[in-house]
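Participant: Take this structure first; my questions come after.
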Amino acid sequence: FTGAVLAHSGADAVSHLFQVACSIDSMVLGEPQIVNQVKEAYRVAQENSACGPLTNVLFQYALKVSAQVRTETALADGRVSIASVAVGDFGKSIFSRFDNKTVLLIGAGEMASETLTYLQSEGVRRIVVANRSRERAELLAQTFRGEAVDFSELDSWLAKADVIVSTTGAAQTLITKERFADARRRSAKQPVFILDLAAPRDFDPEIARLDDNVFLYDLDALEETCERNRRARRGEIHKAQEIINNQTRTFMQEIYHRATGPVINRLREHWNDISRAELDRLFRKLPNLDKSQRDAIEATIGRIVNKLLHPPLEALKDEARAGTPEGLLQAIRRLFSLGD
C-alpha cells in the first residue's frame with residue numbers, strides 16, 4: 001500500500017470529519033454514498049471496541065451535521081454521473097416504471113455496466129446483452145442475471161427493446177438511420193429510450209427524428225447535464241462550509257465544557273468545604289449567636305467565596321470558548337490542590 005495518511009487534531013480533526021460526512025471534499029460533491037461509508041466505518045469501529053466516549057459523540061455529531069447540510073443546502077441536488085443522469089433524469093422522464101421493460105445492451109463497456117446497475121435498482125428484470133465476443137456477453141449477462149444473444153440477432157432485438165444502452169467503441173457508426181428505421185417498421189412503435197454511450201457514436205443522431213417515440217441521448221447531452229448539476233452543487237459549498245464551521249465551534253465548546261465542568265464542580269466543592277469548616281469553627285467559638293446572625297455571616301462568607309471563585313472560573317470558561325483549556329485546567333488543579 002502506498003499513499004498519504006491525513007493527521008489532524010483538535011478542531012481541525014472535527015472539521016475534517018464533518019467535511020467528509022457532508023461530502024464536500026469528494027470528487028462528487030454531496031455524494032450520498034460517502035455518509036453511508038462514514039456510518040459503516042463507525043459501525044466497524046464500534047464492533048471492534050475501537051470507539052471511546054469522545055469518538056462516539058463525535059461520529060454521532062458528524063452524522064447530524066451531514067443531515068443538516070442535506071436539508072439546508074442543495075449540495076446533493078442534481079445527479080452528476082453519466083449513469084445516474086441517464087436513468088434518473090432522462091429515463092424517468094420517458095417511463096414511469098422499468099420493471100416491465102426490456103433492456104438491450106450493445107457492447108460490454110464499463111459505463112454501460114454502471115447504467116445497468118441503476119436500471120436494475122429501478123426494477124428492470126429483463127436484460128439482453130449483445131456483443132461481438134459471445135464470451136464477454138455471457139459474462140456480463142450473468143453479472144446482471146440477463147441473457148446473452150448472438151451479435152447477428154441485434155436487428156431483431158432493436159425492434160423489441162424498450163431501452164437500448166450502447167457502448168461498443170466501434171470506429172464507425174454501428175446503427176445507421178436506415179438500419180434502425182427498418183427495425184422500427186418491425187416493432188410495435190412503442191417508446192424506445194436509447195443511450196448512446198460510445199465515443200464515437202454508435203447511433204446516427206438522425207435516428208431521433210424517425211418518430212416521436214424515439215428518444216436518443218448521446219454522451220454530449222448527458223455530460224452537459226452532469227456539468228450543469230456540478231456547477232449548481234459547487235455554488236452550495238459556501239453554505240455547507242458555514243454550517244460545518246458553526247457546528248465545529250459548537251461541538252468544541254460542548255466538549256471543552258464537559259472537560260471543565262468536573263474541575264469547576266470540584267473547585268466549588270473544595271472552597272465550600274473550607275468555608276463550611278471555618279464557619280463551624282466560628283460558631284463553636286460564638287455559641288450565643290442567634291439564627292439571623294449566623295445566616296448573615298454565612299451569606300457574607302458565601303459572597304466572598306463566589307467573588308474569589310469568579311476570576312478563575314471565568315478565565316476557564318473563556319479558555320474553553322477559545323480553544324483547548326488543558327493548560328489552565330492543569331494550573332487550577334495544581335494551584336488549588338485538586339488532584340487529577
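To be explicit about the labels: the chains of the C-alpha cells are called A, B, and onward in the order shown, and within each one the residues are counted from 1, while ligands get numbers from 1 in the order they are shown.
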So that I can check the secondary structure, give me every residue of range 121-305 of chain A assigned strand (DSSP E or B) by backbone DSSP, as a VMD selection string.
Facilitator: chain A and resid 126 to 130 147 to 149 163 to 166 175 192 to 196 203 214 to 218
Participant: Find the residues near Leu139 in chain A: any atom within 12 Å, counting only C-alpha atoms, skip ones fewer than 2 places away on the same chain, and give them as an MDAnalysis selection string.
Facilitator: chainID A and resid 107:108 113 128:131 133:137 141:149
Participant: Write the residues of the selection above to a file with C-alpha atoms, as a PDB file, in the first residue's frame.
Facilitator:
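Output (out36.pdb):
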```pdb
ATOM      1  CA  GLY A 107     -21.215  -3.910 -26.164  1.00  0.00           C
ATOM      2  CA  ALA A 108     -19.750  -4.512 -22.736  1.00  0.00           C
ATOM      3  CA  SER A 113     -22.456  -1.767 -16.699  1.00  0.00           C
ATOM      4  CA  VAL A 128     -30.323  -8.832 -23.079  1.00  0.00           C
ATOM      5  CA  VAL A 129     -26.628  -8.475 -23.920  1.00  0.00           C
ATOM      6  CA  ALA A 130     -25.320  -8.483 -27.488  1.00  0.00           C
ATOM      7  CA  ASN A 131     -21.568  -8.282 -28.012  1.00  0.00           C
ATOM      8  CA  SER A 133     -17.451 -11.522 -28.231  1.00  0.00           C
ATOM      9  CA  ARG A 134     -20.031 -14.065 -27.127  1.00  0.00           C
ATOM     10  CA  GLU A 135     -17.896 -14.947 -24.102  1.00  0.00           C
ATOM     11  CA  ARG A 136     -17.898 -11.362 -22.800  1.00  0.00           C
ATOM     12  CA  ALA A 137     -21.614 -11.075 -23.480  1.00  0.00           C
ATOM     13  CA  ALA A 141     -25.282 -11.173 -18.749  1.00  0.00           C
ATOM     14  CA  GLN A 142     -24.500 -13.472 -15.843  1.00  0.00           C
ATOM     15  CA  THR A 143     -23.487 -10.485 -13.691  1.00  0.00           C
ATOM     16  CA  PHE A 144     -26.862  -8.827 -14.236  1.00  0.00           C
ATOM     17  CA  ARG A 145     -28.960 -12.000 -14.342  1.00  0.00           C
ATOM     18  CA  GLY A 146     -29.683 -11.371 -18.023  1.00  0.00           C
ATOM     19  CA  GLU A 147     -29.312 -13.361 -21.229  1.00  0.00           C
ATOM     20  CA  ALA A 148     -26.623 -13.226 -23.908  1.00  0.00           C
ATOM     21  CA  VAL A 149     -27.564 -13.300 -27.601  1.00  0.00           C
TER      22      VAL A 149
END
```
Participant: When you count only C-alpha atoms, which of these residues is closest to Lys101 in chain A: A:Leu58, A:Val192, A:Thr168, A:Ala50?
Facilitator: A:Val192
Participant: Could you check the closest approach to Glu110 in chain A for each of A:Leu75, A:Val165, A:Asp155, A:Asn56 and tell me which residue wins, using only C-alpha atoms?
Facilitator: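 Checking each candidate against Glu110 in chain A, we get A:Val165 as the closest.
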Participant: Grab the CA of Ile82 in chain A to CA of Thr176 in chain A distance for me, in Å with one decimal place.
Facilitator: 23.7 Å
Participant: Of the candidates A:Ile237, A:Tyr217, A:Lys291, A:Lys160, which one gets nearest to Asp25 in chain A if we count only C-alpha atoms?
Facilitator: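 Nearest to Asp25 in chain A: A:Ile237.
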Participant: Might you pull out every residue within 9 Å of range 238-253 of chain A, with only C-alpha atoms counted and same-chain residues fewer than 2 positions away left off, and present them as a PyMOL selection string?
Facilitator: chain A and resi 10-12+14-15+18-19+22+24+58+61+65-66+68-70+72-73+75+234-236+255-258+320-324
Participant: List as a PyMOL selection string the protein and nucleic acid residues near Lys189 in chain A, meaning an atom at most 10 Å away when only C-alpha atoms are counted, but skip any in the same chain fewer than 2 places from it.
Facilitator: chain A and resi 159-160+162+183-187+191-192+211-214
Participant: Between A:Val124, A:Ile94, A:Leu222, A:Leu289, which residue has the minimum interatomic distance to Gln190 in chain A, considering only C-alpha atoms?
Facilitator: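 Distance minimum relative to Gln190 in chain A lands on A:Ile94.
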Participant: Residues at most 12 Å from Pro32 in chain A, counting only C-alpha atoms, excluding those fewer than 4 positions away in the same chain, as a PyMOL selection string?
Facilitator: chain A and resi 20-24+26+28+36-39+63+66-67+69-70+75-80
Participant: Pull all heavy atoms from the residues just selected and write them as a short mmCIF file (atom, residue, chain, number, x, y, z; two decimals), in the first residue's frame.
Facilitator:
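Writing done, so here's selection04.cif:
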```cif
data_model
loop_
_atom_site.label_atom_id
_atom_site.label_comp_id
_atom_site.auth_asym_id
_atom_site.auth_seq_id
_atom_site.Cartn_x
_atom_site.Cartn_y
_atom_site.Cartn_z
N VAL A 20 -15.95 15.38 5.48
CA VAL A 20 -16.05 14.06 4.84
C VAL A 20 -17.49 13.57 4.88
O VAL A 20 -18.03 13.11 3.86
CB VAL A 20 -15.11 13.05 5.54
CG1 VAL A 20 -15.37 11.64 5.01
CG2 VAL A 20 -13.65 13.44 5.30
N ALA A 21 -18.13 13.65 6.05
CA ALA A 21 -19.50 13.16 6.19
C ALA A 21 -20.47 13.93 5.29
O ALA A 21 -21.46 13.37 4.81
CB ALA A 21 -19.94 13.25 7.64
N CYS A 22 -20.18 15.22 5.07
CA CYS A 22 -21.04 16.05 4.22
C CYS A 22 -20.65 15.97 2.75
O CYS A 22 -21.33 16.54 1.90
CB CYS A 22 -20.99 17.51 4.68
SG CYS A 22 -21.64 17.78 6.34
N SER A 23 -19.54 15.27 2.47
CA SER A 23 -19.08 15.04 1.11
C SER A 23 -18.80 16.34 0.35
O SER A 23 -19.15 16.47 -0.81
CB SER A 23 -20.10 14.20 0.32
OG SER A 23 -19.58 13.80 -0.92
N ILE A 24 -18.12 17.27 1.01
CA ILE A 24 -17.74 18.49 0.29
C ILE A 24 -16.28 18.45 -0.14
O ILE A 24 -15.82 19.38 -0.81
CB ILE A 24 -18.02 19.79 1.08
CG1 ILE A 24 -17.09 19.90 2.29
CG2 ILE A 24 -19.46 19.87 1.49
CD1 ILE A 24 -17.16 21.27 2.93
N SER A 26 -15.22 15.54 -1.64
CA SER A 26 -15.23 14.37 -2.50
C SER A 26 -15.18 14.79 -3.97
O SER A 26 -15.49 15.93 -4.31
CB SER A 26 -16.50 13.54 -2.27
OG SER A 26 -16.61 13.19 -0.92
N VAL A 28 -17.21 13.75 -6.14
CA VAL A 28 -18.62 14.01 -6.45
C VAL A 28 -19.22 14.72 -5.25
O VAL A 28 -19.50 14.11 -4.23
CB VAL A 28 -19.39 12.70 -6.75
CG1 VAL A 28 -20.83 13.01 -7.08
CG2 VAL A 28 -18.72 11.94 -7.89
N ASN A 36 -22.79 7.11 4.04
CA ASN A 36 -23.00 5.69 4.34
C ASN A 36 -21.68 5.00 4.66
O ASN A 36 -21.62 4.12 5.52
CB ASN A 36 -23.70 4.99 3.17
CG ASN A 36 -25.12 5.47 2.97
OD1 ASN A 36 -25.77 5.88 3.93
ND2 ASN A 36 -25.61 5.43 1.75
N GLN A 37 -20.61 5.41 3.97
CA GLN A 37 -19.29 4.85 4.25
C GLN A 37 -18.82 5.28 5.64
O GLN A 37 -18.17 4.51 6.36
CB GLN A 37 -18.29 5.28 3.18
CG GLN A 37 -18.58 4.68 1.81
CD GLN A 37 -17.74 5.30 0.70
OE1 GLN A 37 -16.89 6.15 0.96
NE2 GLN A 37 -17.98 4.88 -0.53
N VAL A 38 -19.12 6.53 6.02
CA VAL A 38 -18.76 7.00 7.36
C VAL A 38 -19.52 6.20 8.42
O VAL A 38 -18.95 5.77 9.43
CB VAL A 38 -19.07 8.51 7.50
CG1 VAL A 38 -18.90 8.97 8.96
CG2 VAL A 38 -18.15 9.32 6.60
N LYS A 39 -20.81 5.96 8.17
CA LYS A 39 -21.61 5.15 9.10
C LYS A 39 -21.03 3.75 9.24
O LYS A 39 -20.96 3.20 10.34
CB LYS A 39 -23.06 5.06 8.60
CG LYS A 39 -23.86 6.34 8.72
CD LYS A 39 -25.26 6.14 8.18
CE LYS A 39 -26.08 7.41 8.25
NZ LYS A 39 -27.43 7.22 7.64
N LEU A 63 -22.80 12.77 11.82
CA LEU A 63 -23.98 12.33 11.07
C LEU A 63 -25.10 13.36 11.16
O LEU A 63 -25.83 13.58 10.19
CB LEU A 63 -24.44 10.97 11.59
CG LEU A 63 -23.42 9.82 11.45
CD1 LEU A 63 -23.96 8.54 12.05
CD2 LEU A 63 -23.05 9.60 9.99
N SER A 66 -24.17 16.18 8.78
CA SER A 66 -24.41 15.75 7.41
C SER A 66 -25.88 15.88 7.05
O SER A 66 -26.23 16.35 5.97
CB SER A 66 -23.95 14.30 7.23
OG SER A 66 -24.28 13.83 5.94
N ALA A 67 -26.75 15.47 7.96
CA ALA A 67 -28.20 15.59 7.71
C ALA A 67 -28.61 17.05 7.60
O ALA A 67 -29.45 17.41 6.76
CB ALA A 67 -28.97 14.90 8.84
N VAL A 69 -26.75 19.58 6.53
CA VAL A 69 -26.27 20.10 5.23
C VAL A 69 -27.20 19.63 4.11
O VAL A 69 -27.53 20.40 3.20
CB VAL A 69 -24.82 19.67 4.98
CG1 VAL A 69 -24.42 19.92 3.52
CG2 VAL A 69 -23.88 20.42 5.91
N ARG A 70 -27.60 18.37 4.15
CA ARG A 70 -28.52 17.87 3.10
C ARG A 70 -29.85 18.61 3.14
O ARG A 70 -30.45 18.86 2.10
CB ARG A 70 -28.76 16.36 3.29
CG ARG A 70 -27.59 15.49 2.90
CD ARG A 70 -28.03 14.04 2.68
NE ARG A 70 -28.74 13.50 3.81
CZ ARG A 70 -28.15 12.94 4.86
NH1 ARG A 70 -26.84 12.86 4.93
NH2 ARG A 70 -28.88 12.45 5.86
N LEU A 75 -26.63 20.91 -1.88
CA LEU A 75 -25.36 20.28 -2.24
C LEU A 75 -25.55 18.92 -2.90
O LEU A 75 -24.77 18.51 -3.75
CB LEU A 75 -24.48 20.13 -1.00
CG LEU A 75 -23.02 19.80 -1.25
CD1 LEU A 75 -22.32 20.97 -1.93
CD2 LEU A 75 -22.30 19.43 0.04
N ALA A 76 -26.60 18.20 -2.50
CA ALA A 76 -26.82 16.86 -3.05
C ALA A 76 -27.85 16.85 -4.18
O ALA A 76 -28.20 15.78 -4.69
CB ALA A 76 -27.26 15.91 -1.94
N ASP A 77 -28.33 18.03 -4.58
CA ASP A 77 -29.34 18.08 -5.63
C ASP A 77 -28.72 17.88 -7.00
O ASP A 77 -27.62 18.38 -7.27
CB ASP A 77 -30.07 19.44 -5.60
CG ASP A 77 -30.96 19.57 -4.38
OD1 ASP A 77 -31.03 18.60 -3.60
OD2 ASP A 77 -31.58 20.64 -4.21
N GLY A 78 -29.42 17.21 -7.87
CA GLY A 78 -28.95 17.04 -9.24
C GLY A 78 -27.94 15.93 -9.37
O GLY A 78 -26.94 15.88 -8.67
N ARG A 79 -28.20 14.99 -10.25
CA ARG A 79 -27.30 13.86 -10.45
C ARG A 79 -26.07 14.32 -11.23
O ARG A 79 -26.18 15.16 -12.11
CB ARG A 79 -28.03 12.74 -11.17
CG ARG A 79 -29.24 12.21 -10.37
CD ARG A 79 -30.11 11.29 -11.21
NE ARG A 79 -31.25 10.81 -10.45
CZ ARG A 79 -32.40 11.46 -10.34
NH1 ARG A 79 -32.56 12.61 -10.98
NH2 ARG A 79 -33.38 10.97 -9.62
N VAL A 80 -24.91 13.73 -10.91
CA VAL A 80 -23.67 14.22 -11.52
C VAL A 80 -22.86 13.12 -12.18
O VAL A 80 -21.74 13.37 -12.64
CB VAL A 80 -22.80 14.95 -10.48
CG1 VAL A 80 -23.46 16.22 -10.02
CG2 VAL A 80 -22.47 14.05 -9.30
#
```
Participant: Any idea what the distance is between CA of Leu154 in chain A and CA of Asp220 in chain A?
Facilitator: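 We find that CA of Leu154 in chain A and CA of Asp220 in chain A lie 24.7 Å from each other.
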Participant: Running DSSP on the backbone, which parts of range 91-230 of chain A land in helix (DSSP H, G or I), as a PyMOL selection string?
Facilitator: chain A and resi 91-94+110-121+134-143+151-160+177-185+205-209+219-230
Participant: Find the residues around Arg209 in chain A up to 12 Å (only C-alpha atoms counted), leave out those fewer than 5 positions away in its own chain, and share them as a list in words.
Facilitator: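 Once the adjacent positions are removed, what remains is Lys177, Glu178, Phe180, Ala181, Asp204, Val214, Phe215 and Leu216 of chain A.
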Participant: Go ahead and dump the residues you just picked, N, CA, C and O atoms, as a compact mmCIF listing (two decimals), in the first residue's frame.
Facilitator:
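Dumped everything to result.txt:
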```txt
# COMPACT_ATOMS: atom_id res chain seq x y z
N LYS A 177 -29.36 5.35 -39.61
CA LYS A 177 -30.76 5.72 -39.60
C LYS A 177 -31.59 4.69 -40.35
O LYS A 177 -32.68 4.29 -39.90
N GLU A 178 -31.10 4.22 -41.51
CA GLU A 178 -31.84 3.25 -42.32
C GLU A 178 -31.99 1.92 -41.58
O GLU A 178 -33.06 1.31 -41.61
N PHE A 180 -32.00 1.39 -38.31
CA PHE A 180 -32.93 1.48 -37.18
C PHE A 180 -34.36 1.69 -37.68
O PHE A 180 -35.31 1.18 -37.08
N ALA A 181 -34.52 2.42 -38.80
CA ALA A 181 -35.86 2.61 -39.37
C ALA A 181 -36.46 1.26 -39.76
O ALA A 181 -37.66 1.02 -39.56
N ASP A 204 -26.64 6.82 -35.28
CA ASP A 204 -26.75 8.03 -36.09
C ASP A 204 -27.69 9.01 -35.38
O ASP A 204 -28.82 8.64 -35.03
N VAL A 214 -39.17 7.90 -30.34
CA VAL A 214 -37.76 7.54 -30.28
C VAL A 214 -37.02 8.65 -29.52
O VAL A 214 -37.02 9.81 -29.92
N PHE A 215 -36.41 8.26 -28.39
CA PHE A 215 -35.69 9.21 -27.54
C PHE A 215 -34.22 8.79 -27.48
O PHE A 215 -33.87 7.80 -26.86
N LEU A 216 -33.37 9.56 -28.18
CA LEU A 216 -31.96 9.23 -28.29
C LEU A 216 -31.10 10.26 -27.56
O LEU A 216 -31.22 11.46 -27.81
```
Participant: Could you tell me how far CA of Cys226 in chain A lies from CA of Ala199 in chain A, in Å and to one decimal?
Facilitator: 17.0 Å
Participant: A:Arg268, A:Phe203, A:Leu282, A:Ile194: which is nearest Ala171 in chain A, counting only C-alpha atoms?
Facilitator: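 Closest to Ala171 in chain A, using only C-alpha atoms: A:Phe203.
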Participant: Would you pick out the contacts of Asn272 in chain A at 12 Å or less, using only C-alpha atoms, so that residues sharing its chain but fewer than 2 positions from it are not included, and give the list as a list in words?
Facilitator: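 Close residues of Asn272 in chain A: Asn265, Arg266, Leu267, Arg268, Glu269, His270, Ile274, Ser275, Arg276, Ala277, Glu278, Leu279, Glu298, Ile301, Gly302, Arg303, Ile304, Val305, Asn306, Leu308 and Leu309 of chain A.
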